[in-house]
$ cat work.csv   # CSV, C-alpha atoms
chain,number,residue,atom,x,y,z
A,25,MET,CA,-8.0,98.6,129.9
A,26,SER,CA,-10.4,101.0,128.4
A,27,ARG,CA,-9.2,103.4,125.7
A,28,ARG,CA,-10.1,106.4,127.9
A,29,LEU,CA,-8.1,105.1,130.8
A,30,TYR,CA,-5.1,104.4,128.5
A,31,ILE,CA,-5.2,107.9,127.1
A,32,ALA,CA,-5.3,109.4,130.6
A,33,ILE,CA,-2.2,107.4,131.7
A,34,VAL,CA,-0.3,108.4,128.7
A,35,LEU,CA,-1.1,112.1,129.3
A,36,MET,CA,0.0,111.8,133.0
A,37,VAL,CA,3.3,110.2,132.0
A,38,ALA,CA,3.9,112.9,129.4
A,39,ALA,CA,3.1,115.7,131.9
A,40,LEU,CA,5.5,114.2,134.5
A,41,THR,CA,8.2,113.8,131.9
A,42,LEU,CA,7.9,117.5,131.0
A,43,VAL,CA,8.1,118.6,134.7
A,44,LEU,CA,11.2,116.5,135.3
A,45,ALA,CA,12.8,117.9,132.2
A,46,ALA,CA,12.1,121.5,133.3
A,47,VAL,CA,13.6,120.8,136.8
A,48,SER,CA,16.7,119.2,135.3
A,49,MET,CA,17.4,122.2,133.1
A,50,ASN,CA,16.9,124.8,135.8
A,51,PRO,CA,19.6,124.7,138.4
A,52,ALA,CA,17.6,126.8,140.8
A,53,LEU,CA,14.9,124.1,140.9
A,54,ARG,CA,17.3,121.2,141.5
A,55,PRO,CA,17.6,119.8,145.0
A,56,ALA,CA,21.1,119.5,146.6
A,57,THR,CA,22.8,116.4,145.4
A,58,ILE,CA,23.9,115.6,149.0
A,59,PRO,CA,21.3,115.8,151.8
A,60,GLY,CA,22.0,118.9,153.9
A,61,GLU,CA,24.4,120.3,151.3
A,62,ALA,CA,24.2,124.1,151.0
A,63,ARG,CA,23.7,125.7,147.6
A,64,ALA,CA,25.6,128.9,147.0
A,65,LEU,CA,23.4,131.9,146.2
A,66,ALA,CA,24.5,135.4,145.0
A,67,ALA,CA,25.8,137.6,147.8
A,68,ALA,CA,23.6,140.4,149.0
A,69,GLU,CA,24.9,143.6,150.4
A,70,VAL,CA,24.4,144.0,154.2
A,71,ARG,CA,23.5,147.4,155.6
A,72,SER,CA,23.9,146.7,159.3
A,73,TYR,CA,26.4,144.6,161.3
A,74,ARG,CA,26.1,143.8,165.0
A,75,GLY,CA,23.7,146.6,165.5
A,76,GLU,CA,25.8,149.2,163.6
A,77,ASP,CA,24.3,150.9,160.5
A,78,LEU,CA,26.5,150.6,157.4
A,79,SER,CA,26.9,152.8,154.4
A,80,SER,CA,26.2,151.5,150.9
A,81,VAL,CA,28.8,150.5,148.4
A,82,ASN,CA,27.2,153.2,146.3
A,83,ASP,CA,27.8,156.0,148.8
A,84,PHE,CA,31.4,156.5,147.6
A,85,HIS,CA,32.4,159.5,145.4
A,86,GLU,CA,34.4,158.7,142.3
A,87,ASN,CA,37.7,160.6,142.7
A,88,SER,CA,40.4,158.2,141.4
A,89,ILE,CA,43.2,159.8,139.2
A,90,LEU,CA,42.3,158.0,136.0
A,91,GLY,CA,38.8,156.7,136.6
A,92,PRO,CA,37.8,153.1,137.6
A,93,GLN,CA,40.2,150.3,136.5
A,94,TYR,CA,38.9,147.0,135.2
A,95,ILE,CA,41.1,144.1,136.1
A,96,ASN,CA,40.6,140.5,134.8
A,97,GLU,CA,41.2,137.9,137.5
A,98,SER,CA,42.8,135.6,134.9
A,99,ASP,CA,45.8,137.9,134.3
A,100,TYR,CA,46.0,139.4,137.8
A,101,HIS,CA,49.1,138.9,140.1
A,102,LEU,CA,50.0,140.6,143.3
A,103,SER,CA,53.7,141.1,143.7
A,104,VAL,CA,55.5,141.6,147.0
A,105,THR,CA,58.9,143.1,146.0
A,106,GLY,CA,61.8,145.3,147.1
A,107,LEU,CA,63.6,144.5,150.4
A,108,THR,CA,62.2,141.0,150.8
A,109,LEU,CA,64.0,137.7,151.1
A,110,ALA,CA,62.2,136.5,148.0
A,111,THR,CA,59.9,138.2,145.5
A,112,LYS,CA,56.4,136.8,145.9
A,113,ASN,CA,53.9,136.7,143.0
A,114,SER,CA,50.4,135.4,143.7
A,115,THR,CA,47.1,135.2,141.8
A,116,TYR,CA,43.9,136.4,143.3
A,117,ARG,CA,42.7,132.9,144.1
A,118,GLU,CA,46.0,131.9,145.7
A,119,ILE,CA,45.8,134.9,148.0
A,120,LEU,CA,42.3,134.0,149.1
A,121,ALA,CA,43.1,130.3,149.5
A,122,SER,CA,46.3,130.6,151.4
A,123,HIS,CA,45.6,133.3,153.9
A,124,ARG,CA,43.2,133.7,156.8
A,125,HIS,CA,40.3,136.0,156.2
A,126,TYR,CA,39.3,138.8,158.6
A,127,THR,CA,36.2,141.1,158.8
A,128,LYS,CA,36.1,144.5,160.4
A,129,VAL,CA,33.9,147.6,160.3
A,130,VAL,CA,36.0,150.6,159.5
A,131,THR,CA,35.0,154.2,158.4
A,132,LEU,CA,36.8,155.9,155.5
A,133,HIS,CA,37.1,159.7,155.9
A,134,CYS,CA,37.7,161.6,152.7
A,135,VAL,CA,39.5,165.0,152.7
A,136,GLU,CA,36.6,166.2,150.6
A,137,GLY,CA,34.4,166.0,153.7
A,138,TRP,CA,32.4,162.8,153.2
A,139,ASP,CA,32.7,159.4,155.0
A,140,VAL,CA,31.4,155.9,154.7
A,141,THR,CA,31.3,153.1,157.2
A,142,ILE,CA,31.7,149.7,155.7
A,143,LEU,CA,32.0,146.0,156.7
A,144,TRP,CA,35.3,145.0,155.1
A,145,GLU,CA,36.6,141.5,154.5
A,146,GLY,CA,40.2,140.8,153.6
A,147,VAL,CA,43.6,139.4,154.4
A,148,LEU,CA,46.2,140.9,156.7
A,149,VAL,CA,48.9,142.9,155.0
A,150,ARG,CA,51.3,141.7,157.7
A,151,ASP,CA,50.7,138.1,156.5
A,152,LEU,CA,51.5,139.0,152.9
A,153,ILE,CA,54.7,140.8,153.8
A,154,SER,CA,55.9,138.1,156.2
A,155,GLU,CA,55.3,135.4,153.6
A,156,ALA,CA,57.8,137.1,151.3
A,157,GLY,CA,60.3,137.6,154.2
A,158,ILE,CA,61.4,141.0,155.4
A,159,ASP,CA,65.0,142.2,154.8
A,160,PRO,CA,66.3,143.8,158.0
A,161,ARG,CA,66.9,147.1,156.1
A,162,ALA,CA,63.2,147.5,155.3
A,163,ASN,CA,61.3,150.2,157.2
A,164,THR,CA,58.8,151.4,154.6
A,165,VAL,CA,56.0,149.9,152.5
A,166,ILE,CA,55.0,151.4,149.2
A,167,PHE,CA,51.8,150.4,147.5
A,168,HIS,CA,51.4,150.5,143.7
A,169,ALA,CA,48.1,150.4,141.8
A,170,ARG,CA,47.1,149.5,138.3
A,171,ASP,CA,46.4,153.2,137.4
A,172,GLY,CA,49.9,154.3,138.6
A,173,TYR,CA,48.7,155.6,141.9
A,174,THR,CA,51.1,155.1,144.8
A,175,THR,CA,51.1,155.7,148.6
A,176,VAL,CA,53.5,154.9,151.4
A,177,PHE,CA,53.4,153.8,155.1
A,178,PRO,CA,55.9,152.9,157.8
A,179,LEU,CA,56.5,149.1,157.9
A,180,SER,CA,55.6,149.3,161.7
A,181,TYR,CA,52.0,150.4,160.8
A,182,PHE,CA,51.4,146.9,159.3
A,183,MET,CA,53.4,144.9,161.7
A,184,ASN,CA,51.9,146.4,164.8
A,185,ASN,CA,48.2,146.7,163.6
A,186,ASP,CA,45.7,144.4,162.0
A,187,ILE,CA,45.5,146.2,158.7
A,188,ILE,CA,43.6,144.3,156.0
A,189,MET,CA,43.7,144.4,152.2
A,190,ALA,CA,40.0,144.0,151.4
A,191,TYR,CA,38.4,142.0,148.6
A,192,LYS,CA,34.8,142.3,149.9
A,193,MET,CA,32.7,145.1,151.3
A,194,ASN,CA,29.3,144.7,153.0
A,195,ASN,CA,29.5,141.0,152.0
A,196,VAL,CA,29.9,141.6,148.3
A,197,THR,CA,33.0,141.3,146.2
A,198,LEU,CA,34.6,144.7,145.6
A,199,PRO,CA,33.0,146.3,142.5
A,200,ASP,CA,35.5,147.4,139.8
A,201,GLU,CA,35.0,151.1,140.7
A,202,ARG,CA,35.7,150.4,144.3
A,203,GLY,CA,39.1,148.8,143.7
A,204,TYR,CA,38.7,145.1,142.6
A,205,PRO,CA,40.5,143.0,143.3
A,206,PHE,CA,42.0,144.6,146.4
A,207,GLU,CA,41.7,147.9,148.3
A,208,LEU,CA,43.7,148.8,151.4
A,209,VAL,CA,41.7,149.5,154.5
A,210,ALA,CA,44.0,152.1,155.9
A,211,GLU,CA,42.5,152.5,159.4
A,212,ASP,CA,43.0,155.9,161.1
A,213,LYS,CA,44.3,157.4,157.8
A,214,TRP,CA,42.7,159.9,155.4
A,215,GLY,CA,41.0,158.4,152.4
A,216,TYR,CA,43.8,159.2,149.9
A,217,LYS,CA,45.8,156.5,151.7
A,218,TRP,CA,43.2,153.8,150.9
A,219,ILE,CA,44.7,152.7,147.7
A,220,LYS,CA,42.6,150.7,145.2
A,221,TRP,CA,43.5,148.2,142.4
A,222,ILE,CA,46.6,147.1,144.3
A,223,GLU,CA,49.2,145.3,142.1
A,224,GLU,CA,52.4,145.6,144.1
A,225,ILE,CA,53.6,145.9,147.7
A,226,GLU,CA,57.1,147.1,147.8
A,227,LEU,CA,59.4,147.0,150.9
A,228,SER,CA,61.8,149.9,151.0
A,229,ASP,CA,64.4,151.6,153.2
A,230,ASN,CA,63.2,155.1,152.1
A,231,PRO,CA,60.8,156.6,154.7
A,232,GLY,CA,60.8,159.9,152.8
A,233,TYR,CA,59.2,158.4,149.7
A,234,LYS,CA,56.2,160.4,148.5
A,235,GLY,CA,53.3,158.8,146.7
A,236,TYR,CA,50.9,160.5,144.2
A,237,TRP,CA,49.2,162.9,146.6
A,238,GLU,CA,52.1,163.2,148.9
A,239,GLN,CA,54.1,164.7,146.0
A,240,ARG,CA,51.3,167.2,145.7
A,241,GLY,CA,51.5,168.5,149.3
A,242,PHE,CA,49.5,166.0,151.2
A,243,SER,CA,50.8,164.6,154.5
A,244,ILE,CA,53.0,161.4,154.2
A,245,SER,CA,51.5,160.0,157.4
A,246,GLY,CA,47.9,160.7,156.4
A,247,ASP,CA,46.9,160.5,160.1
A,248,LEU,CA,43.3,161.3,160.8
A,249,ASP,CA,44.2,163.2,164.0
A,250,GLY,CA,46.3,165.6,162.0
A,251,SER,CA,46.1,167.8,158.9
A,252,HIS,CA,46.0,166.0,155.6
A,253,PHE,CA,48.4,168.7,154.3
A,254,SER,CA,52.1,168.4,154.9
A,255,LEU,CA,53.5,171.1,157.2
$ encode --input "work.csv" --output "structure tokens"
Amino acid sequence: MSRRLYIAIVLMVAALTLVLAAVSMNPALRPATIPGEARALAAAEVRSYRGEDLSSVNDFHENSILGPQYINESDYHLSVTGLTLATKNSTYREILASHRHYTKVVTLHCVEGWDVTILWEGVLVRDLISEAGIDPRANTVIFHARDGYTTVFPLSYFMNNDIIMAYKMNNVTLPDERGYPFELVAEDKWGYKWIKWIEEIELSDNPGYKGYWEQRGFSISGDLDGSHFSL
């Protein structure tokens, strides 16, 4: 073998070694380890769904009582308490892993005069409540948030409707300012009923309970087809 050919072979081997090393260190360049295996990529916000235009996750106005809350998944628990057969405490991952997921396009109407139409993904509140067991005396559901915000609904609202507690919007995980880890998608209710940063779902026998805005003169029902002020 000539010296020139030997040098050429050595250079080719060295170049191939460098290419293989670069591929092995860059996950984006690695092929799937199993033929046909899908590699997860970062979620991208969708702006239309089944022919319907959607608002952006950035179209919301910031109007929470204490500003955005920042919750670490590692220390988060959702509690279902009150008039239940057993108090239920679940981590974020436990909720996502043990309950069926649902998607639905729902429009939030704020009393300030703006609205957003979003593709929400979440779990049914009815499933969370039923898992804890419902005391026959219960007729009311009170939601509690990390920032101290509360709001209230009749138990029948959740048992008779497919109301979800969302963890995604437009195919992306809820941003912190939008209520991560969970926001209530309170269909047919004014936006102040759409509580964010949910930490506790309490079953009660007090239908007259007033949450944060209800104490300040807003309607307890919060129905869109009525005034948001109490009469």
$ atom_distance --input "work.csv" --atom1 "CA of Asn194 in chain A" --atom2 "CA of Glu69 in chain A"
5.2 Å
$ closest_atom_pairs --input "work.csv" --of "range 189-222 of chain A" --to "range 130-135 of chain A" --cutoff "12 Å" --atoms "only C-alpha atoms" --output "CSV"
residue,atom,partner,partner_atom,distance
A:Ala190,CA,A:Val130,CA,11.2
A:Met193,CA,A:Val130,CA,10.4
A:Asn194,CA,A:Val130,CA,11.0
A:Glu207,CA,A:Leu132,CA,11.8
A:Leu208,CA,A:Leu132,CA,10.7
A:Val209,CA,A:Val130,CA,7.7
A:Ala210,CA,A:Leu132,CA,8.2
A:Glu211,CA,A:Val130,CA,6.8
A:Asp212,CA,A:Leu132,CA,8.4
A:Lys213,CA,A:His133,CA,7.8
A:Trp214,CA,A:His133,CA,5.6
A:Gly215,CA,A:Cys134,CA,4.6
A:Tyr216,CA,A:Cys134,CA,7.1
A:Lys217,CA,A:Cys134,CA,9.6
A:Trp218,CA,A:Leu132,CA,8.2
A:Ile219,CA,A:Leu132,CA,11.6
$ closest_atom_pairs --input "work.csv" --of "range 85-110 of chain A" --to "range 115-125 of chain A" --cutoff "7 Å" --atoms "all atoms listed in the file" --output "tab-separated table"
residue	atom	partner	partner_atom	distance
A:Glu97	CA	A:Tyr116	CA	6.6
A:Tyr100	CA	A:Thr115	CA	5.9
A:His101	CA	A:Thr115	CA	4.5
A:Leu102	CA	A:Thr115	CA	6.3
$ closest_residue --input "work.csv" --among "A:Val140, A:Ser154, A:Ile188, A:Phe242" --to "Asn82 in chain A" --atoms "all atoms listed in the file"
A:Val140
$ closest_residue --input "work.csv" --among "A:Ser254, A:Phe84, A:Leu109, A:Leu227" --to "Gln239 in chain A" --atoms "only C-alpha atoms"
A:Ser254
$ residues_near_point --input "work.csv" --point "(30.7, 146.3, 164.0)" --cutoff "7 Å" --atoms "all atoms listed in the file" --output "list of chain:residue names"
A:Tyr73, A:Arg74, A:Glu76, A:Lys128, A:Val129
$ atom_distance --input "work.csv" --atom1 "CA of Ile153 in chain A" --atom2 "CA of Phe206 in chain A"
15.2 Å
